[in-house]
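J.: Dumping the structure here so I can ask a few things about it.
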Amino acid sequence: MENQQTENYIERLIEISVEKQKKLEDILTLTRAQAKAIEEEGIESLGKLLDDKQKIIDEINKNDEEFYAYYEKIKEKYGVKSLENLETLNTKNTRGLQEVISSIKKTLQEISRLEKENNKKVKETLEDLSSKIRKINQGKKASNVYSRDSETNAVSYFIDQKK
């Protein structure tokens, strides 16, 4: 009976993990779309992509809470300290759970790598825009200085002409 309950817990952990993997794949797709939007300077679409990612992240957080609850039950009942120790329970599907979790870790690493690249691209874009804005402001200052001088010179020119 206890072994059956443990198997049920592990099956539920697998289901939750498979759901999480699918959602992480969605995040990976959105992260790739973000990279494309950054390259094309599609700032408008970037906001929507970020909102979509946040919704999925919120769903994943709910899954993680449920996963943690089942995992804690197994830890308490059998004294398992980590997922790697599940094999000591001699229940079926522990290997399946570990494989799904391994896949999740790989997907998370890929997402992390892409996020770092995206952050770097965004920083470069911001620096480029900042540089352009500085140049525009310098041009405005120069233009204002010259336009003030020409207004002053025009007045003196007319005064000089009256002589």
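Labels for the structure tokens follow display order: chains A, B, ..., residues from 1 in each chain, ligands from 1.
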For A:Glu11, work out the shell of residues within 10 Å, counting only C-alpha atoms and skipping chain neighbours fewer than 5 positions away, then give it as a PDB file with all heavy atoms, in the first residue's frame.
T.:
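Full text of part00.pdb as output:
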ATOM      1  N   GLN A   5       1.340   4.222  -2.879  1.00  0.00           N
ATOM      2  CA  GLN A   5       1.196   5.651  -2.624  1.00  0.00           C
ATOM      3  C   GLN A   5       2.439   6.401  -3.098  1.00  0.00           C
ATOM      4  O   GLN A   5       2.330   7.460  -3.712  1.00  0.00           O
ATOM      5  CB  GLN A   5       0.942   5.910  -1.139  1.00  0.00           C
ATOM      6  CG  GLN A   5       0.605   7.348  -0.843  1.00  0.00           C
ATOM      7  CD  GLN A   5       0.305   7.580   0.625  1.00  0.00           C
ATOM      8  OE1 GLN A   5       0.747   6.811   1.483  1.00  0.00           O
ATOM      9  NE2 GLN A   5      -0.460   8.612   0.911  1.00  0.00           N
ATOM     10  N   THR A   6       3.594   5.846  -2.849  1.00  0.00           N
ATOM     11  CA  THR A   6       4.842   6.470  -3.301  1.00  0.00           C
ATOM     12  C   THR A   6       4.869   6.529  -4.818  1.00  0.00           C
ATOM     13  O   THR A   6       5.258   7.550  -5.396  1.00  0.00           O
ATOM     14  CB  THR A   6       6.059   5.676  -2.776  1.00  0.00           C
ATOM     15  OG1 THR A   6       5.973   5.587  -1.359  1.00  0.00           O
ATOM     16  CG2 THR A   6       7.354   6.365  -3.165  1.00  0.00           C
ATOM     17  N   ILE A  16       3.639  16.778 -13.227  1.00  0.00           N
ATOM     18  CA  ILE A  16       3.931  18.189 -12.959  1.00  0.00           C
ATOM     19  C   ILE A  16       5.194  18.610 -13.707  1.00  0.00           C
ATOM     20  O   ILE A  16       5.248  19.684 -14.315  1.00  0.00           O
ATOM     21  CB  ILE A  16       4.095  18.442 -11.439  1.00  0.00           C
ATOM     22  CG1 ILE A  16       2.773  18.196 -10.710  1.00  0.00           C
ATOM     23  CG2 ILE A  16       4.598  19.862 -11.176  1.00  0.00           C
ATOM     24  CD1 ILE A  16       2.908  18.106  -9.195  1.00  0.00           C
ATOM     25  N   SER A  17       6.197  17.746 -13.699  1.00  0.00           N
ATOM     26  CA  SER A  17       7.462  18.065 -14.364  1.00  0.00           C
ATOM     27  C   SER A  17       7.299  18.132 -15.882  1.00  0.00           C
ATOM     28  O   SER A  17       7.914  18.991 -16.528  1.00  0.00           O
ATOM     29  CB  SER A  17       8.530  17.036 -13.990  1.00  0.00           C
ATOM     30  OG  SER A  17       8.784  17.082 -12.612  1.00  0.00           O
ATOM     31  N   LYS A  92       8.872   2.077  -9.320  1.00  0.00           N
ATOM     32  CA  LYS A  92       9.020   2.303 -10.754  1.00  0.00           C
ATOM     33  C   LYS A  92       8.878   3.792 -11.052  1.00  0.00           C
ATOM     34  O   LYS A  92       8.321   4.547 -10.257  1.00  0.00           O
ATOM     35  CB  LYS A  92       8.005   1.484 -11.549  1.00  0.00           C
ATOM     36  CG  LYS A  92       6.554   1.820 -11.283  1.00  0.00           C
ATOM     37  CD  LYS A  92       5.644   0.947 -12.102  1.00  0.00           C
ATOM     38  CE  LYS A  92       4.185   1.356 -11.872  1.00  0.00           C
ATOM     39  NZ  LYS A  92       3.290   0.589 -12.702  1.00  0.00           N
ATOM     40  N   ASN A  93       9.413   4.198 -12.157  1.00  0.00           N
ATOM     41  CA  ASN A  93       9.335   5.570 -12.677  1.00  0.00           C
ATOM     42  C   ASN A  93      10.235   6.581 -11.987  1.00  0.00           C
ATOM     43  O   ASN A  93      10.170   7.757 -12.309  1.00  0.00           O
ATOM     44  CB  ASN A  93       7.893   6.086 -12.687  1.00  0.00           C
ATOM     45  CG  ASN A  93       7.046   5.372 -13.703  1.00  0.00           C
ATOM     46  OD1 ASN A  93       7.547   4.932 -14.742  1.00  0.00           O
ATOM     47  ND2 ASN A  93       5.770   5.238 -13.418  1.00  0.00           N
ATOM     48  N   THR A  94      11.044   6.173 -11.032  1.00  0.00           N
ATOM     49  CA  THR A  94      11.976   7.148 -10.460  1.00  0.00           C
ATOM     50  C   THR A  94      12.971   7.597 -11.523  1.00  0.00           C
ATOM     51  O   THR A  94      13.351   8.760 -11.568  1.00  0.00           O
ATOM     52  CB  THR A  94      12.735   6.577  -9.242  1.00  0.00           C
ATOM     53  OG1 THR A  94      13.375   5.360  -9.612  1.00  0.00           O
ATOM     54  CG2 THR A  94      11.799   6.335  -8.084  1.00  0.00           C
ATOM     55  N   GLY A  96      12.316   7.768 -14.702  1.00  0.00           N
ATOM     56  CA  GLY A  96      11.559   8.660 -15.587  1.00  0.00           C
ATOM     57  C   GLY A  96      11.494  10.072 -15.037  1.00  0.00           C
ATOM     58  O   GLY A  96      11.651  11.044 -15.777  1.00  0.00           O
ATOM     59  N   LEU A  97      11.281  10.173 -13.738  1.00  0.00           N
ATOM     60  CA  LEU A  97      11.244  11.483 -13.096  1.00  0.00           C
ATOM     61  C   LEU A  97      12.591  12.173 -13.222  1.00  0.00           C
ATOM     62  O   LEU A  97      12.665  13.359 -13.558  1.00  0.00           O
ATOM     63  CB  LEU A  97      10.843  11.354 -11.625  1.00  0.00           C
ATOM     64  CG  LEU A  97      10.833  12.644 -10.812  1.00  0.00           C
ATOM     65  CD1 LEU A  97       9.846  13.646 -11.404  1.00  0.00           C
ATOM     66  CD2 LEU A  97      10.496  12.347  -9.361  1.00  0.00           C
TER      67      LEU A  97
END
J.: For the interface of stretch 51-105 of chain A with stretch 23-35 of chain A (cut-off 12 Å, counting only C-alpha atoms), please tabulate each contacting residue of stretch 51-105 of chain A alongside its nearest pair of atoms and their separation in Å to one decimal, rows sorted by chain and increasing number, as a Markdown table.
T.:
| residue | atom | partner | partner_atom | distance |
| --- | --- | --- | --- | --- |
| A:Asp51 | CA | A:Leu30 | CA | 10.3 |
| A:Asp52 | CA | A:Leu30 | CA | 7.9 |
| A:Lys53 | CA | A:Ile27 | CA | 5.9 |
| A:Gln54 | CA | A:Ile27 | CA | 9.1 |
| A:Lys55 | CA | A:Ile27 | CA | 9.9 |
| A:Ile56 | CA | A:Lys23 | CA | 6.5 |
| A:Ile57 | CA | A:Ile27 | CA | 8.1 |
| A:Asp58 | CA | A:Lys23 | CA | 10.4 |
| A:Glu59 | CA | A:Lys23 | CA | 8.2 |
| A:Ile60 | CA | A:Lys23 | CA | 7.1 |
| A:Asn61 | CA | A:Lys23 | CA | 10.8 |
| A:Lys62 | CA | A:Lys23 | CA | 11.8 |
| A:Asn63 | CA | A:Lys23 | CA | 10.2 |
| A:Asp64 | CA | A:Lys23 | CA | 11.9 |
| A:Ile101 | CA | A:Leu24 | CA | 11.8 |
| A:Ser103 | CA | A:Leu24 | CA | 10.2 |
| A:Ile104 | CA | A:Leu24 | CA | 7.6 |
| A:Lys105 | CA | A:Leu24 | CA | 10.0 |
J.: Could you tell me how far atom CA of A:Arg12 sits from atom CA of A:Tyr68, in Å to one decimal place?
T.: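 We find that atom CA of A:Tyr68 and atom CA of A:Arg12 lie 11.2 Å from each other.
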J.: Select, from A:Asn8, A:Val122, A:Gln138, A:Glu127, the residue with the minimum atom-to-atom distance to A:Glu40, counting only C-alpha atoms.
T.: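 So, comparing all the options, the nearest one is A:Val122.
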J.: Which is closer to A:Lys106 than all the others in A:Leu13, A:Glu66, A:Asn144, A:Gln21, using only C-alpha atoms?
T.: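 Ranked by minimum distance to A:Lys106, first place goes to A:Gln21.
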J.: Pick out the closest residue to A:Glu19 from this set: A:Glu72, A:Ser130, A:Val100, A:Lys116. Count only C-alpha atoms.
T.: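 That would be A:Val100, the residue with the smallest distance to A:Glu19.
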